[in-house]
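Colleague: Got a file for you: query.txt, compact mmCIF, C-alpha atoms and all ligand atoms.
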# COMPACT_ATOMS: atom_id res chain seq x y z
CA MET W 1 39.61 135.74 -83.76
CA LEU W 2 37.21 138.54 -83.76
CA ARG W 3 34.89 136.50 -85.81
CA LEU W 4 35.20 133.53 -83.54
CA GLY W 5 34.64 135.79 -80.53
CA SER W 6 31.44 137.20 -81.88
CA TYR W 7 30.46 133.72 -82.89
CA ARG W 8 31.01 132.61 -79.28
CA ARG W 9 29.03 135.53 -77.96
CA ALA W 10 26.24 134.70 -80.34
CA GLN W 11 26.37 131.14 -79.09
CA GLU W 12 26.23 132.32 -75.51
CA MET W 13 23.33 134.58 -76.32
CA ARG W 14 21.54 131.70 -77.94
CA ALA W 15 22.18 129.56 -74.87
CA ILE W 16 20.79 132.28 -72.62
CA ILE W 17 17.72 132.70 -74.82
CA ALA W 18 17.21 128.95 -74.78
CA LEU W 19 17.53 128.93 -71.01
CA CYS W 20 14.97 131.71 -70.68
CA ALA W 21 12.65 129.81 -72.98
CA MET W 22 13.03 126.75 -70.79
CA VAL W 23 12.21 128.72 -67.66
CA VAL W 24 9.13 130.21 -69.34
CA ALA W 25 8.17 126.75 -70.56
CA ALA W 26 8.58 125.30 -67.09
CA VAL W 27 6.35 128.00 -65.64
CA GLN W 28 3.76 127.34 -68.30
CA ALA W 29 3.99 123.62 -67.72
CA GLU W 30 3.05 124.13 -64.10
CA ALA W 31 -0.11 125.95 -65.06
CA GLY W 32 -3.17 123.81 -65.64
CA SER W 33 -5.36 124.02 -68.70
CA GLN W 34 -5.50 127.34 -70.47
CA LEU W 35 -7.69 128.64 -73.24
CA TRP W 36 -5.67 130.20 -76.03
CA ARG W 37 -6.63 132.29 -78.98
CA VAL W 38 -4.61 131.15 -81.98
CA GLU W 39 -4.36 133.36 -85.06
CA ALA W 40 -5.19 130.65 -87.58
CA PRO W 41 -8.39 128.78 -88.43
CA SER W 42 -8.98 125.42 -86.75
CA TYR W 43 -8.47 123.70 -90.09
CA HIS W 44 -5.00 125.19 -90.54
CA ARG W 45 -2.44 122.41 -91.14
CA VAL W 46 -0.53 123.18 -87.94
CA VAL W 47 -3.61 123.36 -85.72
CA ARG W 48 -4.91 120.15 -87.22
CA ALA W 49 -1.59 118.42 -86.55
CA LEU W 50 -1.59 119.61 -82.94
CA GLU W 51 -5.14 118.38 -82.52
CA ASP W 52 -4.28 115.02 -84.08
CA ASP W 53 -1.44 114.65 -81.60
CA GLY W 54 -3.77 115.41 -78.72
CA ASP W 55 -1.83 118.57 -77.83
CA VAL W 56 -4.72 120.96 -78.30
CA ASP W 57 -8.46 120.64 -78.01
CA VAL W 58 -10.20 122.93 -80.49
CA TRP W 59 -13.14 124.67 -78.87
CA ALA W 60 -14.25 127.17 -81.47
CA GLY W 61 -13.07 128.95 -84.55
CA THR W 62 -13.66 131.33 -87.41
CA ALA W 63 -11.89 131.78 -90.71
CA ASP W 64 -9.07 133.78 -89.09
CA HIS W 65 -8.63 132.43 -85.58
CA CYS W 66 -9.55 129.63 -83.24
CA LYS W 67 -9.73 128.95 -79.53
CA VAL W 68 -7.98 125.92 -78.18
CA LEU W 69 -7.58 124.35 -74.79
CA VAL W 70 -3.95 123.65 -74.00
CA GLU W 71 -2.87 121.57 -71.06
CA GLY W 72 0.18 122.72 -69.14
CA SER W 73 2.12 119.63 -70.13
CA ALA W 74 1.62 120.35 -73.85
CA SER W 75 2.16 124.09 -73.86
CA THR W 76 5.87 123.97 -74.74
CA ARG W 77 5.19 121.84 -77.80
CA VAL W 78 2.30 124.03 -78.87
CA VAL W 79 4.31 127.25 -78.46
CA ARG W 80 7.11 125.79 -80.56
CA ALA W 81 4.84 124.53 -83.33
CA LEU W 82 2.99 127.84 -83.56
CA ALA W 83 6.22 129.85 -83.52
CA GLU W 84 7.75 127.74 -86.29
CA ALA W 85 4.74 128.42 -88.48
CA ASP W 86 4.75 132.09 -87.48
CA ILE W 87 1.26 131.87 -86.00
CA GLY W 88 0.51 134.25 -83.15
CA HIS W 89 -1.32 133.30 -80.01
CA SER W 90 -2.51 134.80 -76.75
CA VAL W 91 -3.83 133.36 -73.52
CA GLU W 92 -7.53 134.08 -73.01
CA VAL W 93 -8.21 132.11 -69.86
CA GLU W 94 -5.21 131.69 -67.55
CA ASP W 95 -6.68 129.01 -65.39
CA MET W 96 -9.55 127.04 -66.80
CA MET W 97 -9.80 124.87 -63.69
CA ALA W 98 -10.60 127.94 -61.61
CA LEU W 99 -13.69 128.48 -63.77
CA VAL W 100 -14.67 124.82 -63.39
CA GLU W 101 -14.27 125.17 -59.64
CA GLN W 102 -16.48 128.28 -59.62
CA GLU W 103 -19.18 126.40 -61.51
CA ARG W 104 -19.01 123.49 -59.10
CA THR W 105 -19.19 125.65 -55.98
CA HIS W 106 -22.19 127.44 -57.40
CA MET W 107 -23.92 124.14 -58.24
CA GLN W 108 -23.26 122.73 -54.78
CA GLU W 109 -24.72 125.82 -53.14
CA ARG W 110 -27.88 125.46 -55.20
CA ARG W 111 -28.18 121.79 -54.36
CA ARG W 112 -27.87 122.40 -50.64
CA LYS W 113 -30.83 124.75 -50.86
CA ARG W 114 -33.06 122.08 -52.34
CA ALA W 115 -34.33 119.24 -50.23
CA ALA W 116 -35.28 116.72 -52.87
CA GLN W 117 -33.68 116.46 -56.31
CA PRO W 118 -36.47 117.19 -58.70
CA MET W 119 -36.04 117.78 -62.38
CA ASP W 120 -35.92 121.36 -63.51
CA TRP W 121 -34.34 123.54 -66.13
CA THR W 122 -32.61 125.98 -63.82
CA SER W 123 -29.74 123.62 -63.19
CA TYR W 124 -27.83 120.75 -64.80
CA HIS W 125 -28.69 117.15 -64.04
CA ASP W 126 -26.64 113.98 -64.03
CA MET W 127 -27.65 110.57 -65.43
CA ASP W 128 -29.52 109.51 -62.28
CA ASP W 129 -31.78 112.56 -62.48
CA ILE W 130 -32.34 112.15 -66.20
CA GLU W 131 -33.15 108.46 -65.91
CA GLY W 132 -35.53 109.25 -63.05
CA PHE W 133 -37.18 111.91 -65.20
CA ILE W 134 -37.58 109.48 -68.10
CA GLY W 135 -39.23 107.00 -65.73
CA TRP W 136 -41.57 109.77 -64.58
CA LEU W 137 -42.46 110.71 -68.19
CA ASN W 138 -43.08 107.05 -68.95
CA SER W 139 -45.55 106.69 -66.11
CA THR W 140 -47.15 110.13 -66.58
CA GLY W 141 -47.37 110.12 -70.36
CA GLY W 142 -49.60 107.06 -70.64
CA ASP W 143 -49.78 105.74 -74.16
CA LEU W 144 -48.06 108.83 -75.60
CA VAL W 145 -44.71 107.58 -74.37
CA GLN W 146 -42.56 104.53 -74.92
CA VAL W 147 -39.02 104.05 -73.68
CA ALA W 148 -36.58 102.09 -75.80
CA SER W 149 -33.11 101.02 -74.85
CA PRO W 150 -31.47 99.99 -78.11
CA THR W 151 -27.99 99.57 -76.70
CA ARG W 152 -25.72 99.78 -73.70
CA SER W 153 -22.68 102.01 -73.41
CA VAL W 154 -19.10 100.79 -73.02
CA GLU W 155 -19.57 100.86 -69.23
CA GLY W 156 -22.96 99.17 -69.43
CA ARG W 157 -25.33 102.12 -69.08
CA GLU W 158 -28.56 102.02 -71.07
CA VAL W 159 -28.75 104.47 -73.95
CA LEU W 160 -32.39 105.52 -73.66
CA VAL W 161 -34.61 106.70 -76.50
CA LEU W 162 -37.99 108.19 -75.75
CA ARG W 163 -40.63 107.70 -78.45
CA ILE W 164 -43.45 110.19 -78.21
CA ASN W 165 -46.41 109.46 -80.41
CA ASP W 166 -50.13 110.04 -80.08
CA PRO W 167 -51.74 106.71 -80.98
CA SER W 168 -55.22 108.29 -81.07
CA SER W 169 -54.36 110.19 -84.24
CA GLN W 170 -54.12 107.56 -86.90
CA GLY W 171 -54.48 107.64 -90.63
CA VAL W 172 -52.25 110.71 -90.89
CA LYS W 173 -48.83 110.43 -92.46
CA LYS W 174 -46.88 111.84 -89.57
CA LYS W 175 -43.59 113.64 -89.84
CA LYS W 176 -40.89 111.77 -87.99
CA ILE W 177 -38.28 113.59 -85.97
CA TRP W 178 -35.15 112.16 -84.36
CA ILE W 179 -33.41 114.32 -81.76
CA GLU W 180 -29.97 113.46 -80.44
CA GLY W 181 -28.50 115.08 -77.33
CA GLY W 182 -25.44 114.61 -75.20
CA ILE W 183 -23.16 112.84 -77.66
CA HIS W 184 -20.33 115.06 -76.37
CA ALA W 185 -20.10 114.74 -72.61
CA ARG W 186 -19.18 118.28 -71.55
CA GLU W 187 -21.90 119.99 -73.60
CA TRP W 188 -24.32 119.95 -70.68
CA ILE W 189 -26.85 122.32 -72.20
CA SER W 190 -27.62 119.70 -74.88
CA PRO W 191 -29.30 117.11 -72.60
CA ALA W 192 -31.07 120.03 -70.91
CA VAL W 193 -32.65 121.08 -74.22
CA SER W 194 -33.45 117.48 -75.18
CA THR W 195 -35.17 116.69 -71.87
CA PHE W 196 -37.08 119.97 -72.04
CA LEU W 197 -38.42 119.05 -75.49
CA MET W 198 -39.60 115.71 -74.10
CA TYR W 199 -41.32 117.56 -71.28
CA GLN W 200 -43.15 119.95 -73.63
CA LEU W 201 -44.26 117.15 -75.92
CA VAL W 202 -45.63 114.98 -73.14
CA THR W 203 -47.18 117.56 -70.83
CA ASN W 204 -47.86 120.82 -72.66
CA PRO W 205 -51.43 121.06 -74.05
CA GLU W 206 -50.22 123.76 -76.46
CA TRP W 207 -48.03 121.20 -78.20
CA ARG W 208 -50.86 118.68 -78.56
CA ASP W 209 -51.90 119.83 -82.07
CA LEU W 210 -48.39 119.38 -83.33
CA LEU W 211 -48.22 115.93 -81.77
CA LYS W 212 -51.22 114.85 -83.84
CA VAL W 213 -49.16 115.13 -87.01
CA THR W 214 -45.69 114.23 -85.75
CA GLU W 215 -43.85 111.35 -84.15
CA TRP W 216 -40.70 111.90 -82.08
CA TYR W 217 -37.69 109.94 -81.05
CA ILE W 218 -35.48 111.66 -78.52
CA VAL W 219 -32.12 110.42 -77.21
CA PRO W 220 -31.34 112.87 -74.42
CA VAL W 221 -27.88 111.50 -73.70
CA ALA W 222 -26.20 109.53 -76.47
CA ASN W 223 -22.97 109.30 -74.46
CA PRO W 224 -24.11 108.44 -70.92
CA ASP W 225 -20.69 107.24 -69.69
CA GLY W 226 -18.89 110.39 -70.75
CA TYR W 227 -21.72 112.60 -69.49
CA GLN W 228 -21.75 110.96 -66.07
CA PHE W 229 -17.96 111.09 -65.95
CA SER W 230 -18.03 114.84 -66.60
CA PHE W 231 -20.07 115.23 -63.38
CA SER W 232 -17.65 113.13 -61.33
CA SER W 233 -14.89 115.63 -60.61
CA GLN W 234 -13.55 119.00 -61.56
CA SER W 235 -10.80 117.53 -63.66
CA ALA W 236 -13.39 115.48 -65.60
CA ARG W 237 -15.70 118.43 -66.29
CA LEU W 238 -14.36 119.06 -69.79
CA TRP W 239 -14.50 115.43 -70.95
CA ARG W 240 -15.82 115.07 -74.51
CA LYS W 241 -15.54 111.46 -75.69
CA ASN W 242 -17.03 108.21 -74.43
CA ARG W 243 -15.10 106.12 -71.89
CA ARG W 244 -13.60 103.44 -74.11
CA ASP W 245 -10.30 102.14 -72.77
CA ASN W 246 -7.96 102.47 -75.72
CA GLY W 247 -5.22 100.62 -73.90
CA VAL W 248 -2.97 103.67 -73.77
CA SER W 249 -3.53 105.61 -70.57
CA GLU W 250 -6.27 107.17 -68.48
CA ARG W 251 -5.85 110.49 -70.28
CA CYS W 252 -6.10 108.82 -73.69
CA LYS W 253 -9.40 107.04 -73.01
CA GLY W 254 -12.43 107.52 -75.19
CA VAL W 255 -13.64 107.65 -78.76
CA ASP W 256 -15.22 110.78 -80.20
CA LEU W 257 -18.69 109.37 -80.85
CA ASN W 258 -19.36 112.18 -83.29
CA ARG W 259 -16.50 110.94 -85.51
CA ASN W 260 -17.46 107.27 -85.31
CA TRP W 261 -20.44 107.08 -87.71
CA ASP W 262 -20.05 105.13 -90.89
CA PHE W 263 -20.19 107.87 -93.48
CA LYS W 264 -16.91 109.13 -94.96
CA TRP W 265 -15.44 107.86 -91.72
CA GLY W 266 -12.00 109.28 -91.02
CA VAL W 267 -12.17 112.57 -92.94
CA GLY W 268 -10.91 115.29 -90.61
CA ALA W 269 -10.81 112.99 -87.62
CA SER W 270 -7.83 111.70 -85.71
CA ALA W 271 -6.35 108.20 -85.62
CA ASN W 272 -4.63 109.01 -82.34
CA PRO W 273 -6.51 107.72 -79.25
CA CYS W 274 -5.18 110.68 -77.25
CA SER W 275 -6.86 113.19 -79.55
CA GLU W 276 -10.22 114.71 -78.66
CA THR W 277 -11.40 113.82 -82.16
CA TYR W 278 -10.28 110.17 -82.12
CA LYS W 279 -12.43 108.31 -84.64
CA GLY W 280 -12.13 104.83 -83.09
CA VAL W 281 -10.62 101.63 -84.53
CA ASN W 282 -13.32 101.44 -87.16
CA ALA W 283 -16.66 103.02 -88.00
CA PHE W 284 -19.32 102.05 -85.47
CA SER W 285 -16.70 100.49 -83.23
CA GLU W 286 -18.61 101.89 -80.25
CA PRO W 287 -21.77 100.30 -78.85
CA GLU W 288 -23.40 103.72 -78.42
CA THR W 289 -23.20 104.68 -82.11
CA PHE W 290 -23.68 101.13 -83.37
CA GLY W 291 -26.86 100.62 -81.35
CA LEU W 292 -28.34 104.01 -82.21
CA GLN W 293 -27.81 103.59 -85.95
CA GLN W 294 -29.44 100.16 -85.80
CA MET W 295 -32.54 101.67 -84.24
CA MET W 296 -32.58 104.63 -86.64
CA ARG W 297 -32.47 102.22 -89.57
CA THR W 298 -35.64 100.48 -88.36
CA ILE W 299 -37.65 103.71 -88.65
CA PRO W 300 -38.60 104.34 -92.26
CA ASP W 301 -38.52 107.86 -93.65
CA ILE W 302 -37.34 110.05 -90.82
CA ASP W 303 -37.99 113.62 -91.98
CA LEU W 304 -35.90 115.68 -89.61
CA PHE W 305 -32.76 114.97 -87.62
CA ILE W 306 -31.30 117.39 -85.08
CA THR W 307 -28.29 116.86 -82.86
CA PHE W 308 -27.74 119.41 -80.11
CA HIS W 309 -24.20 120.48 -79.32
CA SER W 310 -22.52 123.45 -77.73
CA PHE W 311 -21.22 126.00 -78.13
CA GLY W 312 -21.26 128.64 -80.89
CA GLN W 313 -24.89 129.64 -81.58
CA THR W 314 -24.82 128.21 -85.07
CA VAL W 315 -27.16 125.99 -87.05
CA LEU W 316 -25.05 123.72 -89.22
CA TYR W 317 -26.28 121.62 -92.10
CA PRO W 318 -24.39 119.04 -94.23
CA TRP W 319 -21.89 118.44 -95.42
CA GLY W 320 -19.18 118.15 -92.84
CA TRP W 321 -16.89 115.97 -94.96
CA THR W 322 -16.71 118.36 -97.93
CA ARG W 323 -17.14 122.08 -98.47
CA ASN W 324 -19.59 121.44 -101.30
CA ALA W 325 -23.20 122.41 -100.67
CA PRO W 326 -25.78 119.62 -100.67
CA SER W 327 -28.52 119.57 -103.29
CA ASN W 328 -31.29 120.88 -101.03
CA ALA W 329 -29.17 123.56 -99.36
CA MET W 330 -31.87 126.19 -100.00
CA GLN W 331 -34.53 124.23 -98.14
CA LEU W 332 -32.09 123.36 -95.37
CA LYS W 333 -31.33 127.05 -94.91
CA ARG W 334 -35.00 127.98 -94.95
CA LEU W 335 -35.88 125.57 -92.16
CA ALA W 336 -32.78 126.59 -90.20
CA LYS W 337 -33.96 130.18 -90.46
CA ALA W 338 -37.28 129.20 -88.89
CA PHE W 339 -35.28 128.11 -85.86
CA THR W 340 -32.98 131.11 -85.69
CA ASP W 341 -35.73 133.69 -86.27
CA THR W 342 -37.87 132.13 -83.56
CA VAL W 343 -35.00 132.04 -81.09
CA LYS W 344 -34.22 135.67 -81.83
CA GLN W 345 -37.83 136.69 -81.35
CA THR W 346 -38.29 134.61 -78.19
CA SER W 347 -35.10 136.01 -76.69
CA LEU W 348 -36.22 139.56 -77.57
CA GLY W 349 -33.29 139.95 -79.91
CA LYS W 350 -30.63 138.80 -77.50
CA VAL W 351 -29.74 135.42 -79.00
CA ASP W 352 -28.61 135.54 -82.58
CA TYR W 353 -27.55 132.40 -84.47
CA ASP W 354 -25.50 131.94 -87.62
CA ILE W 355 -26.47 129.42 -90.29
CA GLY W 356 -24.16 127.55 -92.62
CA GLY W 357 -22.69 124.38 -94.00
CA SER W 358 -20.70 122.48 -91.45
CA GLY W 359 -17.61 121.91 -93.64
CA PRO W 360 -17.34 125.50 -94.91
CA LEU W 361 -17.93 127.02 -91.46
CA TYR W 362 -16.08 124.65 -89.13
CA GLY W 363 -13.61 122.89 -91.39
CA LEU W 364 -13.83 119.38 -92.72
CA ALA W 365 -14.81 116.67 -90.29
CA SER W 366 -16.83 113.57 -90.78
CA GLY W 367 -18.06 110.44 -89.12
CA ALA W 368 -20.59 112.77 -87.49
CA THR W 369 -24.22 111.80 -86.98
CA ASP W 370 -25.64 114.59 -89.17
CA ASP W 371 -23.71 113.60 -92.31
CA TRP W 372 -24.64 109.94 -91.75
CA ALA W 373 -28.31 110.79 -91.22
CA TYR W 374 -28.33 112.88 -94.39
CA GLY W 375 -26.01 110.87 -96.63
CA GLU W 376 -26.66 107.31 -95.55
CA LEU W 377 -30.23 107.32 -94.20
CA GLY W 378 -31.40 109.98 -96.65
CA ILE W 379 -33.06 112.17 -94.03
CA PRO W 380 -33.69 115.36 -96.04
CA PHE W 381 -33.39 117.76 -93.11
CA SER W 382 -30.36 117.13 -90.95
CA TYR W 383 -28.81 119.62 -88.55
CA THR W 384 -26.23 120.14 -85.87
CA ILE W 385 -27.39 122.94 -83.62
CA GLU W 386 -24.58 124.53 -81.66
CA LEU W 387 -26.39 126.00 -78.66
CA PRO W 388 -25.29 129.16 -76.78
CA ASP W 389 -23.18 130.86 -76.01
CA GLN W 390 -20.67 132.32 -78.45
CA GLY W 391 -17.69 131.59 -76.25
CA THR W 392 -17.92 133.82 -73.20
CA HIS W 393 -18.58 130.79 -71.02
CA GLY W 394 -18.37 128.11 -73.69
CA PHE W 395 -19.01 124.67 -72.26
CA LEU W 396 -19.40 126.22 -68.81
CA LEU W 397 -22.66 127.99 -69.66
CA PRO W 398 -23.93 129.13 -66.24
CA GLU W 399 -26.99 127.48 -64.76
CA ASN W 400 -28.86 130.78 -64.80
CA ARG W 401 -28.79 130.57 -68.62
CA VAL W 402 -30.37 127.11 -68.76
CA SER W 403 -34.00 128.08 -68.51
CA SER W 404 -33.96 130.79 -71.17
CA THR W 405 -31.89 128.60 -73.49
CA VAL W 406 -34.22 125.60 -73.30
CA ILE W 407 -37.32 127.78 -73.76
CA GLU W 408 -35.88 129.55 -76.81
CA SER W 409 -34.62 126.31 -78.33
CA ALA W 410 -37.90 124.50 -77.82
CA ALA W 411 -39.76 127.39 -79.46
CA GLY W 412 -37.31 127.20 -82.37
CA VAL W 413 -37.79 123.46 -82.84
CA HIS W 414 -41.56 123.86 -82.56
CA CYS W 415 -41.47 126.36 -85.40
CA MET W 416 -39.26 124.19 -87.63
CA VAL W 417 -41.51 121.20 -87.14
CA SER W 418 -44.70 123.23 -87.64
CA LEU W 419 -43.41 124.36 -91.02
CA LEU W 420 -42.30 120.87 -91.93
CA ALA W 421 -45.63 119.34 -90.96
CA ASN W 422 -47.66 122.21 -92.38
CA SER W 423 -49.27 122.61 -89.01
CA GLY W 424 -50.11 126.02 -87.64
CA SER W 425 -47.84 129.00 -87.60
CA CYS W 426 -44.69 129.89 -85.76
CA ALA W 427 -46.48 132.25 -83.43
CA ARG W 428 -44.99 132.49 -79.98
CA ARG W 429 -46.21 129.73 -77.81
CA ARG W 430 -46.05 129.35 -74.10
CA THR W 431 -43.67 126.71 -72.94
CA ARG W 432 -44.15 125.03 -69.61
CA ASN W 433 -41.41 125.79 -67.22
CA PRO W 434 -42.44 125.08 -63.67
CA SER W 435 -39.70 125.68 -61.17
CA SER W 436 -39.59 121.97 -60.45
CA ILE W 437 -41.23 118.65 -61.11
CA ARG W 438 -41.21 116.13 -58.33
CA PHE W 439 -40.90 112.69 -59.72
CA ARG W 440 -39.49 110.91 -56.75
CA GLY W 441 -40.79 109.76 -53.41
C1 LIG W 501 -42.70 102.22 -68.93
O1 LIG W 501 -43.99 101.95 -68.45
C2 LIG W 501 -44.46 100.65 -68.71
C3 LIG W 501 -45.85 100.53 -68.15
O2 LIG W 501 -46.65 101.58 -68.55
C4 LIG W 501 -43.54 99.63 -68.09
O3 LIG W 501 -43.96 98.33 -68.45
C5 LIG W 501 -42.13 99.85 -68.55
O4 LIG W 501 -41.25 98.99 -67.86
C6 LIG W 501 -41.69 101.29 -68.30
N1 LIG W 501 -40.37 101.50 -68.84
C7 LIG W 501 -39.44 102.18 -68.21
C8 LIG W 501 -38.13 102.26 -68.87
O5 LIG W 501 -39.62 102.74 -67.15
Re-express the file's structure as structure tokens.
Ligand SMILES: *[C@@H]1O[C@H](CO)[C@@H](O)[C@H](O)[C@H]1NC(C)=O
Modeller:
Amino acid sequence: MLRLGSYRRAQEMRAIIALCAMVVAAVQAEAGSQLWRVEAPSYHRVVRALEDDGDVDVWAGTADHCKVLVEGSASTRVVRALAEADIGHSVEVEDMMALVEQERTHMQERRRKRAAQPMDWTSYHDMDDIEGFIGWLNSTGGDLVQVASPTRSVEGREVLVLRINDPSSQGVKKKKIWIEGGIHAREWISPAVSTFLMYQLVTNPEWRDLLKVTEWYIVPVANPDGYQFSFSSQSARLWRKNRRDNGVSERCKGVDLNRNWDFKWGVGASANPCSETYKGVNAFSEPETFGLQQMMRTIPDIDLFITFHSFGQTVLYPWGWTRNAPSNAMQLKRLAKAFTDTVKQTSLGKVDYDIGGSGPLYGLASGATDDWAYGELGIPFSYTIELPDQGTHGFLLPENRVSSTVIESAAGVHCMVSLLANSGSCARRRTRNPSSIRFRG
């Protein structure tokens, strides 16, 4: 009897604990998106499984912890999975949407203060502004500039590529550089850096020497649908993928374009359309990636490929699909260091980057542009540059950081390319940063 009694009490206790857990879970479920610190690396089996299921969105990580976005509706499942594996976690940002709202209010205030909508690098710009700017560069740049539109997005937007080449310098074997920006929608600082590079190349006399020995292809926004969508509302601000309808639900739209390239496709990517790292139904299933690779293939011997992402302040080189180092890892590191040293110097020591292999640092993932550029096209220098910051603001890097970030990054790229093309030194160079360019009206 006694035994049974204590058994009953234990049962009751368990029921009460379960009830409390349910109440806690219900409270958590009412909260919106939260940023959690999880005491396991992003490539831990449990974290990977949660990501595959679309329950967490991995934002950053090191070898001992990672930061994940958890939606209220998934938090119960995530808590349970982490508890079962004895992995600790804590909430870092209680209400992510409040931060998004702050950013939006701030942006709206700035916009009200400006009459026209010129291009600048003190704020973020949507597709309309960027397309207008490309039109302006095309008409201002004369024969330095050509605009190509190799493909249209799922929703029919043009994916624009700017070719910048000085036709007056012939007979030189020019180094060819392909820059990709904006393949992940929410990483707004990436199109900012890409458009700023275009601006320097076309208008800055101090870059003219470099342009005599180089030829550039710049895709400022590889994912125009997703990028535009991320400007459309607060709840869309953290969108990552393109806007493919996967036939599941609104929430489960999109393919991760940086897992859709045809090189070791599928390694460390999800087959679940609801996951942030959904690889698509097959490699190059998406018109954005398919069209860009077609154009890249028509350009023989590209020397340098860079894709700009955020966040993390890290220069990553291949491979992403394996932890093994590629054969020219030493040279890859050397050129990466040219970027990071220059950024550090330009920022007067404030912005410090890490350098490393993508697989070893971030965990295995493939179907990304950099591995394809390196492994399939044979581009010897291929990088993913994770722009600032290191996680304080993450994807919501404030607009007052845009101008310094684009200036430092452009200086870094200038130095890399100077070394590659054996042209000049990496001395500090003035970048043009007028408060605004009027290209309309
Ligand atoms: C670029 O300019 C040329 C004329 O210089 C024009 O024919 C072409 O349509 C322009 N392209 C774009 C995308 O604006």
Colleague: How many Å separate CA of Ala410 in chain W from CA of Leu335 in chain W?
Modeller: 14.5 Å
Colleague: Looking at all atoms listed in the file, which of W:Lys174, W:Leu197, W:Ile379, W:Arg244 is the one that sits closest to Ala411 in chain W?
Modeller: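 Nearest candidate to Ala411 in chain W out of W:Lys174, W:Leu197, W:Ile379, W:Arg244: W:Leu197.
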Colleague: Within 8 Å of ligand LIG 501 (chain W), counting all atoms listed in the file, which protein or nucleic acid residues do you find, written as a list in words?
Modeller: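 Those residues are Ile134, Gly135, Trp136, Asn138, Ser139, Gly142, Asp143, Val145, Gln146, Val147, Ala148 and Ser149 of chain W.
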Colleague: List the neighbours of His184 in chain W out to 10 Å using only C-alpha atoms; skip same-chain residues closer than 5 positions along the sequence, and give me the result as a list in words.
Modeller: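 These residues fall inside the cut-off: Ser190, Pro191, Val221, Ala222, Asn223, Pro224, Gly226, Tyr227, Leu238, Trp239, Arg240, Lys241, Asn242, Asp256, Leu257, Asn258, Phe308, His309 and Ser310 of chain W.
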Colleague: State, in Å with one decimal place, the distance from CA of Trp36 in chain W to CA of Glu94 in chain W.
Modeller: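 Separation between CA of Trp36 in chain W and CA of Glu94 in chain W: 8.6 Å.
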Colleague: Which value, in Å to one decimal, gives the distance between CA of Gly266 in chain W and CA of Lys279 in chain W?
Modeller: 6.5 Å
Colleague: Do you know which residues are at most 7 Å from range 415-420 of chain W counting only C-alpha atoms, after dropping those on the same chain fewer than 5 positions away, and could you put them as a list in words?
Modeller: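 Near range 415-420 of chain W, the qualifying residues are Leu210, Leu335, Ala338, Phe339, Ser425 and Cys426 of chain W.
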Colleague: Using all atoms listed in the file, which of W:Arg37, W:Arg157, W:Arg163, W:Arg80 sits nearest Thr62 in chain W?
Modeller: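 The shortest atom-to-atom distance to Thr62 in chain W comes from W:Arg37.
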Colleague: When you look at Arg334 in chain W with a cut-off of 12 Å (counting only C-alpha atoms), what residues show up, excluding the ones that are within fewer than 2 positions of it in the same chain? I need them as a list in words.
Modeller: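 With the cut-off at 12 Å, the set is Val315, Tyr317, Asn328, Ala329, Met330, Gln331, Leu332, Ala336, Lys337, Ala338, Phe339, Thr340, Asp341, Ile355, Gly356, Phe381, Cys415, Met416, Leu419 and Leu420 of chain W.
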Colleague: Pick out the residues sitting within 6 Å of Phe305 in chain W, and hand them over as a list in words; count all atoms listed in the file, and ignore anything fewer than 3 positions along from it in its own chain.
Modeller: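 The contact residues come out as Ile177, Trp178, Ile179 and Ser382 of chain W.
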Colleague: Residues near Ser366 in chain W, anyone? I mean within 12 Å using all atoms listed in the file, not counting same-chain ones fewer than 4 positions away, as a PyMOL selection string.
Modeller: chain W and resi 256-270+277-279+283+318-323+358-359+362+370-373+375
Colleague: Using only C-alpha atoms, please write the residues we just selected to a file, as a CSV table (one decimal), keeping the file's coordinate frame.
Modeller:
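For reference, out.csv as written:
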chain,number,residue,atom,x,y,z
W,256,ASP,CA,-15.2,110.8,-80.2
W,257,LEU,CA,-18.7,109.4,-80.8
W,258,ASN,CA,-19.4,112.2,-83.3
W,259,ARG,CA,-16.5,110.9,-85.5
W,260,ASN,CA,-17.5,107.3,-85.3
W,261,TRP,CA,-20.4,107.1,-87.7
W,262,ASP,CA,-20.0,105.1,-90.9
W,263,PHE,CA,-20.2,107.9,-93.5
W,264,LYS,CA,-16.9,109.1,-95.0
W,265,TRP,CA,-15.4,107.9,-91.7
W,266,GLY,CA,-12.0,109.3,-91.0
W,267,VAL,CA,-12.2,112.6,-92.9
W,268,GLY,CA,-10.9,115.3,-90.6
W,269,ALA,CA,-10.8,113.0,-87.6
W,270,SER,CA,-7.8,111.7,-85.7
W,277,THR,CA,-11.4,113.8,-82.2
W,278,TYR,CA,-10.3,110.2,-82.1
W,279,LYS,CA,-12.4,108.3,-84.6
W,283,ALA,CA,-16.7,103.0,-88.0
W,318,PRO,CA,-24.4,119.0,-94.2
W,319,TRP,CA,-21.9,118.4,-95.4
W,320,GLY,CA,-19.2,118.2,-92.8
W,321,TRP,CA,-16.9,116.0,-95.0
W,322,THR,CA,-16.7,118.4,-97.9
W,323,ARG,CA,-17.1,122.1,-98.5
W,358,SER,CA,-20.7,122.5,-91.4
W,359,GLY,CA,-17.6,121.9,-93.6
W,362,TYR,CA,-16.1,124.6,-89.1
W,370,ASP,CA,-25.6,114.6,-89.2
W,371,ASP,CA,-23.7,113.6,-92.3
W,372,TRP,CA,-24.6,109.9,-91.8
W,373,ALA,CA,-28.3,110.8,-91.2
W,375,GLY,CA,-26.0,110.9,-96.6
Colleague: Could the centre and edge lengths of an axis-aligned box, enclosing all atoms of range 410-418 of chain W in the file with 3 Å extra on each side, be given in Å to one decimal as lines of an AutoDock Vina configuration file?
Modeller:
center_x = -41.0
center_y = 124.3
center_z = -82.7
size_x = 13.4
size_y = 12.2
size_z = 15.8
